[in-house]
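Chemist: One structure, pasted below without further comment.
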Amino acid sequence: MTQPPTPPASGGRSAAAGNSSGVIATGDQVRIEQRNVVLPPGALQAAVPDDSIARLNNLPEPDSRVFEGRDDALAALRDLPSTGTGIVTQTVRGMGGVGKSTLVLHHAHAFLADGHGLVWWINASSTVTVTADLASLATAIDPVHAARPMDEAANWAVAWLQGRTGWLLVFDNAEEPADLHPYLGRLGTGQTLVTTRRDLAWRDLGTPLRLDTLTPKASLKVLQEITGRHADRDAAGLADLAEELGYLPLALQQAGAYLAQTRTTAASYLRELRADPAGVLAATPPGDSQQRTIAQLWSVTFNAVQAEDLHAVELLRTLAYCAPDPLPRRVLATALRAVRDVDHALGVLAAYSLITLTDLTVTVHRLVQTVLRSITAAPVPRSQSRGIRRLLRRPPPVTPQHPSETALNLLHAAMPSGSPEDVQSWPEWQELLPHVEVVNTYCFGTETISNLARLLGRTAFYLTARGQPTRALPLEEVALGITEAAVGPDHPDIALCLGNLASTFRDLGRHAEALPLAERALAITEAAVGPDHPDTALCLGNLASMFRDLGRHAEALPVKERALAITEAALGPDHPDTALRLGNLASTFSDLGRHAEALPVKERALAITEAALGPDHPTTALRLGNLASTFSDLGRHAEALRLEKRALAISEAALGPDHPDTALRLGNLASTFSDLGRHAEALPLAERALAITEAALGPDHPDTALRLGNLASTFRDLGRHSEALRLEKRALAISEAALGPDHPDMALRLGNLASTFSNLGRHAEALRLAERALAISEAVLGPEHPTTALRLGNLASTFRDLGRHAEALRLAERALGIAEAALGPDHPSTALRLGNLANMYHDLGRYTEALPLAERALGITEAALGPDHPNTAIRLNNLSAIRAALEDLTRDEP
């Protein structure tokens, strides 16, 4: 007797035949962020020829031509290896202003001049800037990466570096070791330097190079070189000043610039510095004498700037409330009365070395900003006594705008026009991002708070479009709180904020938190614009998606039907939004096992989309994939395969090879190959889909669990059960943590893990999991759902493996009844149920009852999948075994 067929590898949310199509519809979201990038001819050529890579760099010029007292440190860096493998990262540590960046910058210029190889400078103050600068390296090598999500471009750059040696990478101003851990372990074929003021436990790095302040001799020489005062009569005064400044390189540079600019003596500078220490010392950290001395310096320099140009003072105070990152000069275009005034003020600030100025950007050192904020008064609350003013007939007092408010308004005015989803606007958004995040940390008056809400909301939209929902979430939460305080809880703007926040929670897999936000957004919108407005349809669609994420498909169906009716009535039957509503409704039909009803709805959605957007649009790929899933649900896998291949080609061309939607298409195509028995072709597709998803969304995202489960199914199909077991366990842990213990996806994970235990002969462990999976499916989807039939069949197989045939028979009979009623008499899943039931009768010696079931199972399978499909071979073997048993029984009869 042959072995019974292996239970289906896939479950309720995958693309396998007979299962729920939740997996297929994973990409069918209401808020779909896809884009089609059209590049001009020649745009895909490398920006830098291969023979010029060694000269590629983004090094800034040193802050000062004067560089003294670091010969030993430079020699230590020069002796570090830069070629080979296993090269250990070197950190350069010390307090802010001690000259870490200046030292490494001089080393980098020497490295480049010696012709060693590529040199790239990375702002490592946050994960955002690290990712952005690695992405800029990728773009410098090949411009095509400018249109890719930053994380993907950054990972490409790291992989590119791994394949080469002899390069230098500088992570400057690193604040947190965790920000660099994803990269440092992978960068061992070149020289990697990290500058940081944080004396933390940077694991797996070499012995740090610690920078202290300069020696008195080197400090004196720095002041002499900057001021040009080498005469003996100046030496004593300069030496005293160096001592007062604590021999800190940044303080020495600033003092020297002041002396050179104003032509004052070191003695007079020192007297002024000693006369006014109180104001600048107010906000300094206790116990850090060197930072106190640099704080003293800014008051003197600031007074000199104030005497020369009040506009420069005003501008510098505003810059103190931005990030210590390059700020585009265009942001400051309206900061003063005329652009000419802005340019002159920036020139004055640059002359005193208070800023770093290029033709495109302005950068202020973080210590300068800290000191300036400490000596700037807090914002003054606006007076609310309007009634008293009317009584006295006095105009309201004019309160000067606080610098933090000026910074906010300038950033708000500089926001790119159009949608943040537009890939062409991404470079501008990325330049503004660090400054938006900093300005969000300050308090604002009622006149500017609405600007902050809009700025945060649109920045969060940009981050979500670039696949960074974790960074978008806190911005959206603040935007919602501001808007609600300003306009009240029932304003339409609140509905928009709620919907965006709910979508971000969905992107993060936090569906239970998203649902009440979507419900509240619908209530506000319907009350504001009426029940038949397209905005109401949009909110209904969002709410239905939340229900679907939570496995509450019966509740989603009437909501989606209403959304379709409103959209079609308002926009017409051929509008792309109508196609969206049709696709969503069809997905719910599929979720409920009503595949025959889903098919014409999805076909109509595809036709509308292709006519409206074109055959190569990412949304057309989405519609193709959804239609393919329904063909698979109906057992028409050959038709599904053709559609899936076309959908993958469109997605990869439009979005790039590392986009999460490309992973979705790869996973669906792999599932279709598996449905056709072509498991070896499915495996590399499933592996690539997992790698893309984990890199884009993180290791704990529900979509990562989905990809793990699909890959495990392919391993099972190939008989590699131990490899499948490890993946299934991880997928189960992720799903339970993210979705809860009673979600339909949990039933899928439990069922798949149970099947793997059974394949390994661990049937007792499989039984407990299969029983729990059935209980979840029956409670959430209902007793007549095809997925419930799948769970019943799996549990029956486990009972059979344990020799409990009577219990198995009862479950198999029920599973067949459900499948035939839900999917029809000619569906491959019905054939599977027939075959399983025939095997149960065979086990019990009831061959006469088994024979017609096995014959019918073979007929259905051969018609649906073809005579050469592995499932057809299984049906033939089972039928042969039953016939042979019947012949033996007949021979044994007298």
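Chain labels A, B, ... are given in the sequence in which chains occur in the structure tokens; within each chain residues are numbered consecutively from 1, and ligands are likewise numbered from 1 in the order shown.
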Can you build me a table of stretch 163-213 of chain A residues sitting at most 9 Å from stretch 71-84 of chain A, with the closest atom pair per residue and its distance in Å to one decimal, using only C-alpha atoms, sorted by chain and residue number, as a Markdown table?
Modeler:
| residue | atom | partner | partner_atom | distance |
| --- | --- | --- | --- | --- |
| A:Arg164 | CA | A:Thr83 | CA | 8.8 |
| A:Thr165 | CA | A:Thr83 | CA | 5.1 |
| A:Gly166 | CA | A:Thr83 | CA | 4.5 |
| A:Trp167 | CA | A:Ser82 | CA | 6.4 |
| A:Leu168 | CA | A:Ser82 | CA | 7.1 |
| A:Gly188 | CA | A:Gly84 | CA | 8.0 |
| A:Thr189 | CA | A:Gly84 | CA | 5.5 |
| A:Gly190 | CA | A:Ser82 | CA | 4.6 |
| A:Gln191 | CA | A:Ser82 | CA | 4.5 |
| A:Thr192 | CA | A:Ser82 | CA | 8.3 |
| A:Leu193 | CA | A:Leu77 | CA | 9.0 |
| A:Leu209 | CA | A:Ala73 | CA | 7.6 |
| A:Arg210 | CA | A:Ala73 | CA | 8.9 |
| A:Leu211 | CA | A:Ala73 | CA | 8.1 |
Chemist: Write out as a Markdown table the residues of stretch 642-675 of chain A that have any atom within 12 Å of an atom of stretch 453-467 of chain A, one row each with the nearest atom pair and its distance in Å to one decimal, counting only C-alpha atoms, sorted by chain and then rising number.
Modeler:
| residue | atom | partner | partner_atom | distance |
| --- | --- | --- | --- | --- |
| A:Leu655 | CA | A:Arg466 | CA | 11.6 |
| A:Asp658 | CA | A:Gly467 | CA | 11.5 |
| A:His659 | CA | A:Gly467 | CA | 9.0 |
| A:Pro660 | CA | A:Gly467 | CA | 8.8 |
| A:Asp661 | CA | A:Gly467 | CA | 11.2 |
Chemist: Find the spatial neighbours of A:Leu433, counting only C-alpha atoms, within a cut-off of 9 Å - ignore same-chain residues fewer than 5 positions away - and output them as a VMD selection string.
Modeler: chain A and resid 128 428 438 459
Chemist: Considering only C-alpha atoms, tabulate each residue of stretch 71-136 of chain A that lies at most 12 Å from stretch 321-333 of chain A along with its nearest interatomic pair and the corresponding distance in Å to one decimal; arrange the rows by chain and ascending residue number and present them as CSV.
Modeler:
residue,atom,partner,partner_atom,distance
A:Ile122,CA,A:Asp325,CA,11.4
A:Asn123,CA,A:Asp325,CA,8.2
A:Ala124,CA,A:Asp325,CA,10.7
A:Ser125,CA,A:Asp325,CA,9.2
A:Ser126,CA,A:Asp325,CA,10.9
A:Val128,CA,A:Asp325,CA,11.7
A:Thr129,CA,A:Asp325,CA,9.0
A:Asp133,CA,A:Asp325,CA,11.9
Chemist: Go through stretch 620-737 of chain A residue by residue and, counting only C-alpha atoms, keep those with an atom at most 12 Å from stretch 868-889 of chain A; for each kept residue give the shortest atom pair and its distance in Å to one decimal, ordered by chain and increasing number, as JSON lines.
Modeler:
{"residue": "A:His637", "atom": "CA", "partner": "A:His869", "partner_atom": "CA", "distance": 11.3}
{"residue": "A:Ala638", "atom": "CA", "partner": "A:His869", "partner_atom": "CA", "distance": 11.6}
{"residue": "A:Phe673", "atom": "CA", "partner": "A:His869", "partner_atom": "CA", "distance": 11.3}
{"residue": "A:Ser674", "atom": "CA", "partner": "A:Pro870", "partner_atom": "CA", "distance": 10.3}
{"residue": "A:Asp675", "atom": "CA", "partner": "A:His869", "partner_atom": "CA", "distance": 9.3}
{"residue": "A:Leu676", "atom": "CA", "partner": "A:His869", "partner_atom": "CA", "distance": 6.6}
{"residue": "A:Gly677", "atom": "CA", "partner": "A:Pro870", "partner_atom": "CA", "distance": 5.9}
{"residue": "A:Arg678", "atom": "CA", "partner": "A:His869", "partner_atom": "CA", "distance": 8.9}
{"residue": "A:His679", "atom": "CA", "partner": "A:Pro870", "partner_atom": "CA", "distance": 10.5}
{"residue": "A:Asp717", "atom": "CA", "partner": "A:Pro870", "partner_atom": "CA", "distance": 10.8}
Chemist: Identify all residues of stretch 359-564 of chain A in alpha helix (DSSP H) (DSSP on the backbone) and supply them as number ranges by chain.
Modeler: A: 366-374, 386-392, 403-413, 426-439, 446-465, 469-487, 492-507, 511-529, 534-549, 553-564
Chemist: Quick one: write out the picked residues with C-alpha atoms as a short mmCIF file (atom, residue, chain, number, x, y, z; two decimals), in the first residue's frame?
Modeler:
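Result written to part.cif:
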data_model
loop_
_atom_site.label_atom_id
_atom_site.label_comp_id
_atom_site.auth_asym_id
_atom_site.auth_seq_id
_atom_site.Cartn_x
_atom_site.Cartn_y
_atom_site.Cartn_z
CA ARG A 366 25.96 71.18 17.25
CA LEU A 367 27.94 72.93 20.01
CA VAL A 368 27.30 76.34 18.50
CA GLN A 369 23.60 75.51 18.38
CA THR A 370 23.59 74.31 21.98
CA VAL A 371 25.19 77.48 23.28
CA LEU A 372 22.91 79.72 21.21
CA ARG A 373 19.78 77.97 22.45
CA SER A 374 20.99 78.25 26.03
CA ARG A 386 -8.42 90.74 23.67
CA GLY A 387 -11.46 92.03 25.57
CA ILE A 388 -9.36 94.37 27.71
CA ARG A 389 -7.56 95.68 24.62
CA ARG A 390 -10.87 96.46 22.92
CA LEU A 391 -12.05 98.30 26.03
CA LEU A 392 -8.90 100.44 26.12
CA PRO A 403 13.69 81.75 16.43
CA SER A 404 12.22 78.28 16.80
CA GLU A 405 8.98 79.50 15.21
CA THR A 406 10.93 81.12 12.40
CA ALA A 407 12.74 77.85 11.73
CA LEU A 408 9.42 75.98 11.65
CA ASN A 409 7.80 78.44 9.24
CA LEU A 410 10.79 78.37 6.91
CA LEU A 411 10.74 74.58 6.78
CA HIS A 412 6.98 74.59 6.25
CA ALA A 413 7.35 76.99 3.32
CA TRP A 426 12.43 62.53 -2.48
CA PRO A 427 15.87 64.17 -2.54
CA GLU A 428 14.32 67.45 -1.35
CA TRP A 429 12.37 65.69 1.40
CA GLN A 430 15.47 63.86 2.54
CA GLU A 431 17.37 67.14 2.89
CA LEU A 432 14.59 68.54 5.07
CA LEU A 433 14.00 65.41 7.15
CA PRO A 434 16.61 65.86 9.93
CA HIS A 435 15.57 69.50 10.39
CA VAL A 436 11.88 68.57 10.62
CA GLU A 437 12.66 65.99 13.29
CA VAL A 438 14.64 68.56 15.31
CA VAL A 439 12.11 71.39 15.02
CA THR A 446 -0.92 78.97 18.43
CA GLU A 447 0.05 81.01 15.36
CA THR A 448 2.55 78.40 14.13
CA ILE A 449 1.32 75.14 15.62
CA SER A 450 -0.87 74.36 12.59
CA ASN A 451 2.19 74.68 10.35
CA LEU A 452 3.95 72.10 12.50
CA ALA A 453 1.04 69.67 12.15
CA ARG A 454 1.06 70.00 8.35
CA LEU A 455 4.83 69.72 8.18
CA LEU A 456 4.90 66.58 10.33
CA GLY A 457 2.00 64.98 8.47
CA ARG A 458 3.55 65.42 5.04
CA THR A 459 6.97 64.34 6.27
CA ALA A 460 5.41 61.19 7.71
CA PHE A 461 3.74 60.58 4.34
CA TYR A 462 7.18 60.80 2.70
CA LEU A 463 8.69 58.37 5.21
CA THR A 464 5.87 55.89 4.65
CA ALA A 465 6.32 56.16 0.88
CA PRO A 469 6.77 53.49 8.94
CA THR A 470 8.65 53.29 12.23
CA ARG A 471 9.98 56.81 11.72
CA ALA A 472 6.65 58.05 10.38
CA LEU A 473 4.64 56.91 13.42
CA PRO A 474 5.81 59.45 16.05
CA LEU A 475 5.41 62.31 13.58
CA GLU A 476 1.83 61.29 12.77
CA GLU A 477 0.96 60.92 16.45
CA VAL A 478 2.18 64.45 17.16
CA ALA A 479 0.35 65.80 14.10
CA LEU A 480 -2.90 64.23 15.31
CA GLY A 481 -2.53 65.68 18.80
CA ILE A 482 -1.79 69.17 17.46
CA THR A 483 -4.66 69.12 14.98
CA GLU A 484 -7.17 67.87 17.54
CA ALA A 485 -6.18 70.59 20.00
CA ALA A 486 -6.48 73.24 17.30
CA VAL A 487 -9.73 72.34 15.50
CA PRO A 492 -12.57 66.58 8.85
CA ASP A 493 -8.84 67.24 9.26
CA ILE A 494 -8.95 64.91 12.26
CA ALA A 495 -10.34 62.13 10.07
CA LEU A 496 -7.42 62.55 7.68
CA CYS A 497 -4.89 62.37 10.52
CA LEU A 498 -6.64 59.34 11.99
CA GLY A 499 -6.66 57.55 8.65
CA ASN A 500 -2.96 58.19 8.08
CA LEU A 501 -2.08 57.05 11.57
CA ALA A 502 -4.20 53.90 11.15
CA SER A 503 -2.45 53.10 7.85
CA THR A 504 0.93 53.43 9.53
CA PHE A 505 -0.14 51.08 12.30
CA ARG A 506 -1.19 48.63 9.56
CA ASP A 507 2.20 48.96 7.89
CA HIS A 511 -3.86 45.96 13.37
CA ALA A 512 -5.74 46.04 16.66
CA GLU A 513 -4.52 49.59 17.25
CA ALA A 514 -5.46 50.61 13.72
CA LEU A 515 -9.13 49.51 13.92
CA PRO A 516 -10.56 52.09 16.39
CA LEU A 517 -8.76 54.87 14.53
CA ALA A 518 -10.39 53.81 11.24
CA GLU A 519 -13.82 53.57 12.89
CA ARG A 520 -13.48 57.06 14.32
CA ALA A 521 -12.27 58.46 10.98
CA LEU A 522 -15.36 57.05 9.24
CA ALA A 523 -17.74 58.52 11.80
CA ILE A 524 -16.19 61.99 11.51
CA THR A 525 -16.14 61.91 7.69
CA GLU A 526 -19.69 60.68 7.31
CA ALA A 527 -20.96 63.37 9.66
CA ALA A 528 -19.02 66.08 7.82
CA VAL A 529 -19.57 65.27 4.12
CA PRO A 534 -16.24 59.57 -2.14
CA ASP A 535 -14.37 60.46 1.06
CA THR A 536 -16.87 58.35 2.97
CA ALA A 537 -16.20 55.48 0.54
CA LEU A 538 -12.48 55.87 1.17
CA CYS A 539 -12.98 55.64 4.93
CA LEU A 540 -15.26 52.63 4.48
CA GLY A 541 -12.59 50.90 2.42
CA ASN A 542 -9.98 51.63 5.06
CA LEU A 543 -12.20 50.26 7.80
CA ALA A 544 -12.93 47.12 5.80
CA SER A 545 -9.20 46.57 5.38
CA MET A 546 -8.75 46.75 9.14
CA PHE A 547 -11.48 44.12 9.59
CA ARG A 548 -9.76 41.95 7.02
CA ASP A 549 -6.36 42.32 8.72
CA HIS A 553 -14.17 38.93 6.83
CA ALA A 554 -17.92 38.71 7.37
CA GLU A 555 -17.85 42.20 8.88
CA ALA A 556 -15.68 43.50 6.04
CA LEU A 557 -18.05 42.36 3.26
CA PRO A 558 -21.00 44.79 3.72
CA VAL A 559 -18.58 47.64 4.34
CA LYS A 560 -16.80 46.99 1.03
CA GLU A 561 -20.07 46.57 -0.84
CA ARG A 562 -21.21 49.96 0.38
CA ALA A 563 -17.85 51.55 -0.53
CA LEU A 564 -18.17 50.19 -4.09
#
Chemist: Tell me which of A:Leu767, A:Leu580, A:Val170, A:Leu592 sits closest to A:Leu781, counting only C-alpha atoms.
Modeler: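 Between A:Leu767, A:Leu580, A:Val170, A:Leu592, the residue approaching A:Leu781 most closely is A:Leu592.
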Chemist: Using only C-alpha atoms, determine which residues lie at most 12 Å from A:Asp151, disregarding the query and same-chain residues fewer than 4 positions distant; provide the list as a PDB file with N, CA and C atoms, in the first residue's frame.
Modeler:
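Resulting contents of result_28.pdb:
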ATOM      1  N   THR A 127      20.313  56.795  12.423  1.00  0.00           N
ATOM      2  CA  THR A 127      20.134  55.751  11.415  1.00  0.00           C
ATOM      3  C   THR A 127      19.661  56.343  10.098  1.00  0.00           C
ATOM      4  N   VAL A 128      18.887  57.426  10.172  1.00  0.00           N
ATOM      5  CA  VAL A 128      18.385  58.060   8.946  1.00  0.00           C
ATOM      6  C   VAL A 128      19.540  58.600   8.117  1.00  0.00           C
ATOM      7  N   THR A 129      20.466  59.326   8.760  1.00  0.00           N
ATOM      8  CA  THR A 129      21.564  59.920   8.000  1.00  0.00           C
ATOM      9  C   THR A 129      22.534  58.856   7.504  1.00  0.00           C
ATOM     10  N   VAL A 130      22.745  57.794   8.292  1.00  0.00           N
ATOM     11  CA  VAL A 130      23.604  56.707   7.824  1.00  0.00           C
ATOM     12  C   VAL A 130      23.018  56.091   6.560  1.00  0.00           C
ATOM     13  N   THR A 131      21.726  55.772   6.619  1.00  0.00           N
ATOM     14  CA  THR A 131      21.065  55.169   5.457  1.00  0.00           C
ATOM     15  C   THR A 131      21.115  56.116   4.263  1.00  0.00           C
ATOM     16  N   ALA A 132      20.845  57.398   4.506  1.00  0.00           N
ATOM     17  CA  ALA A 132      20.818  58.358   3.403  1.00  0.00           C
ATOM     18  C   ALA A 132      22.183  58.492   2.740  1.00  0.00           C
ATOM     19  N   ASP A 133      23.255  58.544   3.533  1.00  0.00           N
ATOM     20  CA  ASP A 133      24.574  58.743   2.941  1.00  0.00           C
ATOM     21  C   ASP A 133      25.084  57.488   2.245  1.00  0.00           C
ATOM     22  N   LEU A 134      24.730  56.304   2.785  1.00  0.00           N
ATOM     23  CA  LEU A 134      25.062  55.079   2.046  1.00  0.00           C
ATOM     24  C   LEU A 134      24.286  55.019   0.738  1.00  0.00           C
ATOM     25  N   ALA A 135      23.023  55.463   0.799  1.00  0.00           N
ATOM     26  CA  ALA A 135      22.228  55.506  -0.436  1.00  0.00           C
ATOM     27  C   ALA A 135      22.836  56.484  -1.432  1.00  0.00           C
ATOM     28  N   SER A 136      23.383  57.607  -0.949  1.00  0.00           N
ATOM     29  CA  SER A 136      24.009  58.567  -1.871  1.00  0.00           C
ATOM     30  C   SER A 136      25.262  57.973  -2.515  1.00  0.00           C
ATOM     31  N   ALA A 138      25.514  54.772  -3.295  1.00  0.00           N
ATOM     32  CA  ALA A 138      24.959  53.933  -4.355  1.00  0.00           C
ATOM     33  C   ALA A 138      24.585  54.772  -5.567  1.00  0.00           C
ATOM     34  N   HIS A 145      19.922  54.182  -8.565  1.00  0.00           N
ATOM     35  CA  HIS A 145      19.579  53.985  -7.157  1.00  0.00           C
ATOM     36  C   HIS A 145      18.896  55.203  -6.547  1.00  0.00           C
ATOM     37  N   ALA A 146      18.888  56.325  -7.245  1.00  0.00           N
ATOM     38  CA  ALA A 146      18.197  57.505  -6.724  1.00  0.00           C
ATOM     39  C   ALA A 146      16.703  57.271  -6.614  1.00  0.00           C
ATOM     40  N   ALA A 147      16.169  56.360  -7.409  1.00  0.00           N
ATOM     41  CA  ALA A 147      14.725  56.106  -7.408  1.00  0.00           C
ATOM     42  C   ALA A 147      14.339  54.956  -6.508  1.00  0.00           C
ATOM     43  N   ASN A 155      21.768  49.220   1.344  1.00  0.00           N
ATOM     44  CA  ASN A 155      22.215  47.823   1.390  1.00  0.00           C
ATOM     45  C   ASN A 155      22.972  47.450   0.120  1.00  0.00           C
ATOM     46  N   TRP A 156      22.533  48.009  -1.004  1.00  0.00           N
ATOM     47  CA  TRP A 156      23.275  47.761  -2.239  1.00  0.00           C
ATOM     48  C   TRP A 156      24.691  48.307  -2.124  1.00  0.00           C
ATOM     49  N   ALA A 157      24.839  49.504  -1.566  1.00  0.00           N
ATOM     50  CA  ALA A 157      26.164  50.098  -1.427  1.00  0.00           C
ATOM     51  C   ALA A 157      27.066  49.232  -0.555  1.00  0.00           C
ATOM     52  N   VAL A 158      26.501  48.706   0.561  1.00  0.00           N
ATOM     53  CA  VAL A 158      27.296  47.837   1.442  1.00  0.00           C
ATOM     54  C   VAL A 158      27.725  46.581   0.699  1.00  0.00           C
ATOM     55  N   PRO A 182      24.210  47.238  12.101  1.00  0.00           N
ATOM     56  CA  PRO A 182      23.816  46.513  10.881  1.00  0.00           C
ATOM     57  C   PRO A 182      24.851  46.580   9.768  1.00  0.00           C
ATOM     58  N   TYR A 183      25.818  47.510   9.855  1.00  0.00           N
ATOM     59  CA  TYR A 183      26.748  47.693   8.755  1.00  0.00           C
ATOM     60  C   TYR A 183      28.170  47.250   9.070  1.00  0.00           C
ATOM     61  N   LEU A 463       8.004  59.498   4.583  1.00  0.00           N
ATOM     62  CA  LEU A 463       8.686  58.366   5.206  1.00  0.00           C
ATOM     63  C   LEU A 463       7.956  57.059   4.915  1.00  0.00           C
ATOM     64  N   ARG A 466       8.670  55.878   1.486  1.00  0.00           N
ATOM     65  CA  ARG A 466      10.009  55.306   1.357  1.00  0.00           C
ATOM     66  C   ARG A 466      10.189  54.052   2.199  1.00  0.00           C
ATOM     67  N   GLY A 467       9.072  53.527   2.742  1.00  0.00           N
ATOM     68  CA  GLY A 467       9.131  52.273   3.474  1.00  0.00           C
ATOM     69  C   GLY A 467       9.709  52.389   4.865  1.00  0.00           C
ATOM     70  N   GLN A 468       9.490  53.533   5.540  1.00  0.00           N
ATOM     71  CA  GLN A 468      10.011  53.732   6.893  1.00  0.00           C
ATOM     72  C   GLN A 468       8.871  54.088   7.851  1.00  0.00           C
ATOM     73  N   ASP A 658      14.173  45.156  -5.281  1.00  0.00           N
ATOM     74  CA  ASP A 658      14.199  44.986  -3.827  1.00  0.00           C
ATOM     75  C   ASP A 658      12.994  45.612  -3.131  1.00  0.00           C
ATOM     76  N   HIS A 659      11.958  45.910  -3.885  1.00  0.00           N
ATOM     77  CA  HIS A 659      10.760  46.513  -3.312  1.00  0.00           C
ATOM     78  C   HIS A 659       9.877  45.426  -2.694  1.00  0.00           C
ATOM     79  N   PRO A 660       9.184  45.728  -1.576  1.00  0.00           N
ATOM     80  CA  PRO A 660       8.294  44.721  -0.975  1.00  0.00           C
ATOM     81  C   PRO A 660       7.240  44.186  -1.936  1.00  0.00           C
ATOM     82  N   ILE A 692      14.056  39.915   0.529  1.00  0.00           N
ATOM     83  CA  ILE A 692      13.596  41.280   0.255  1.00  0.00           C
ATOM     84  C   ILE A 692      12.697  41.773   1.388  1.00  0.00           C
ATOM     85  N   THR A 693      11.753  40.927   1.816  1.00  0.00           N
ATOM     86  CA  THR A 693      10.788  41.335   2.839  1.00  0.00           C
ATOM     87  C   THR A 693      11.475  41.621   4.171  1.00  0.00           C
ATOM     88  N   GLU A 694      12.389  40.755   4.565  1.00  0.00           N
ATOM     89  CA  GLU A 694      13.066  40.949   5.854  1.00  0.00           C
ATOM     90  C   GLU A 694      13.916  42.208   5.840  1.00  0.00           C
ATOM     91  N   ALA A 695      14.569  42.489   4.724  1.00  0.00           N
ATOM     92  CA  ALA A 695      15.384  43.701   4.625  1.00  0.00           C
ATOM     93  C   ALA A 695      14.517  44.955   4.634  1.00  0.00           C
ATOM     94  N   ALA A 696      13.350  44.885   4.012  1.00  0.00           N
ATOM     95  CA  ALA A 696      12.516  46.084   3.875  1.00  0.00           C
ATOM     96  C   ALA A 696      11.649  46.344   5.102  1.00  0.00           C
ATOM     97  N   LEU A 697      11.108  45.299   5.710  1.00  0.00           N
ATOM     98  CA  LEU A 697      10.116  45.476   6.770  1.00  0.00           C
ATOM     99  C   LEU A 697      10.600  45.050   8.150  1.00  0.00           C
ATOM    100  N   GLY A 698      11.694  44.312   8.222  1.00  0.00           N
ATOM    101  CA  GLY A 698      12.211  43.893   9.522  1.00  0.00           C
ATOM    102  C   GLY A 698      11.903  42.442   9.825  1.00  0.00           C
TER     103      GLY A 698
END
Chemist: Excluding A:Asp616 and residues on its chain fewer than 5 positions from it, collect all residues at most 9 Å away from it, counting only C-alpha atoms, and give them as a PDB file with N, CA, C and O atoms, in the first residue's frame.
Modeler:
ATOM      1  N   ASN A  36       5.941  54.526 -10.835  1.00  0.00           N
ATOM      2  CA  ASN A  36       6.535  54.134 -12.101  1.00  0.00           C
ATOM      3  C   ASN A  36       7.579  55.167 -12.464  1.00  0.00           C
ATOM      4  O   ASN A  36       7.259  56.337 -12.659  1.00  0.00           O
ATOM      5  N   GLU A 610      -6.307  48.535 -16.541  1.00  0.00           N
ATOM      6  CA  GLU A 610      -5.453  48.514 -17.723  1.00  0.00           C
ATOM      7  C   GLU A 610      -5.867  49.598 -18.711  1.00  0.00           C
ATOM      8  O   GLU A 610      -5.014  50.231 -19.340  1.00  0.00           O
ATOM      9  N   ALA A 621      -0.135  45.464 -12.393  1.00  0.00           N
ATOM     10  CA  ALA A 621       0.494  44.257 -11.838  1.00  0.00           C
ATOM     11  C   ALA A 621      -0.286  43.753 -10.634  1.00  0.00           C
ATOM     12  O   ALA A 621      -0.466  42.539 -10.452  1.00  0.00           O
ATOM     13  N   ALA A 647       2.803  39.884 -13.999  1.00  0.00           N
ATOM     14  CA  ALA A 647       2.762  40.801 -12.852  1.00  0.00           C
ATOM     15  C   ALA A 647       4.146  41.031 -12.272  1.00  0.00           C
ATOM     16  O   ALA A 647       4.514  42.162 -11.921  1.00  0.00           O
ATOM     17  N   ALA A 649       7.067  40.792 -13.855  1.00  0.00           N
ATOM     18  CA  ALA A 649       7.860  41.592 -14.787  1.00  0.00           C
ATOM     19  C   ALA A 649       7.509  43.077 -14.676  1.00  0.00           C
ATOM     20  O   ALA A 649       8.391  43.940 -14.677  1.00  0.00           O
ATOM     21  N   ILE A 650       6.233  43.390 -14.553  1.00  0.00           N
ATOM     22  CA  ILE A 650       5.811  44.787 -14.432  1.00  0.00           C
ATOM     23  C   ILE A 650       6.338  45.388 -13.132  1.00  0.00           C
ATOM     24  O   ILE A 650       6.895  46.491 -13.112  1.00  0.00           O
ATOM     25  N   SER A 651       6.178  44.681 -12.006  1.00  0.00           N
ATOM     26  CA  SER A 651       6.597  45.211 -10.702  1.00  0.00           C
ATOM     27  C   SER A 651       8.092  45.445 -10.649  1.00  0.00           C
ATOM     28  O   SER A 651       8.570  46.473 -10.159  1.00  0.00           O
ATOM     29  N   ALA A 653      10.189  45.946 -13.087  1.00  0.00           N
ATOM     30  CA  ALA A 653      10.590  47.047 -13.964  1.00  0.00           C
ATOM     31  C   ALA A 653      10.203  48.401 -13.386  1.00  0.00           C
ATOM     32  O   ALA A 653      10.951  49.378 -13.495  1.00  0.00           O
ATOM     33  N   ALA A 654       9.043  48.476 -12.744  1.00  0.00           N
ATOM     34  CA  ALA A 654       8.534  49.759 -12.266  1.00  0.00           C
ATOM     35  C   ALA A 654       9.074  50.139 -10.897  1.00  0.00           C
ATOM     36  O   ALA A 654       9.342  51.316 -10.637  1.00  0.00           O
TER      37      ALA A 654
END
Chemist: Can you pull out every residue within 12 Å of A:Gly347, counting only C-alpha atoms, but drop anything in the same chain fewer than 2 positions away, and send it as a list in words?
Modeler: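 Here the answer would be Val305, Glu308, Asp309, His311, Ala312, Val313, Leu315, Leu316, Arg340, Asp341, Val342, Asp343, His344, Ala345, Leu349, Ala350, Ala351, Tyr352, Ser353, Leu354, Ile355, Thr356, Leu357, Thr358, Asp359 and Val362 of chain A.
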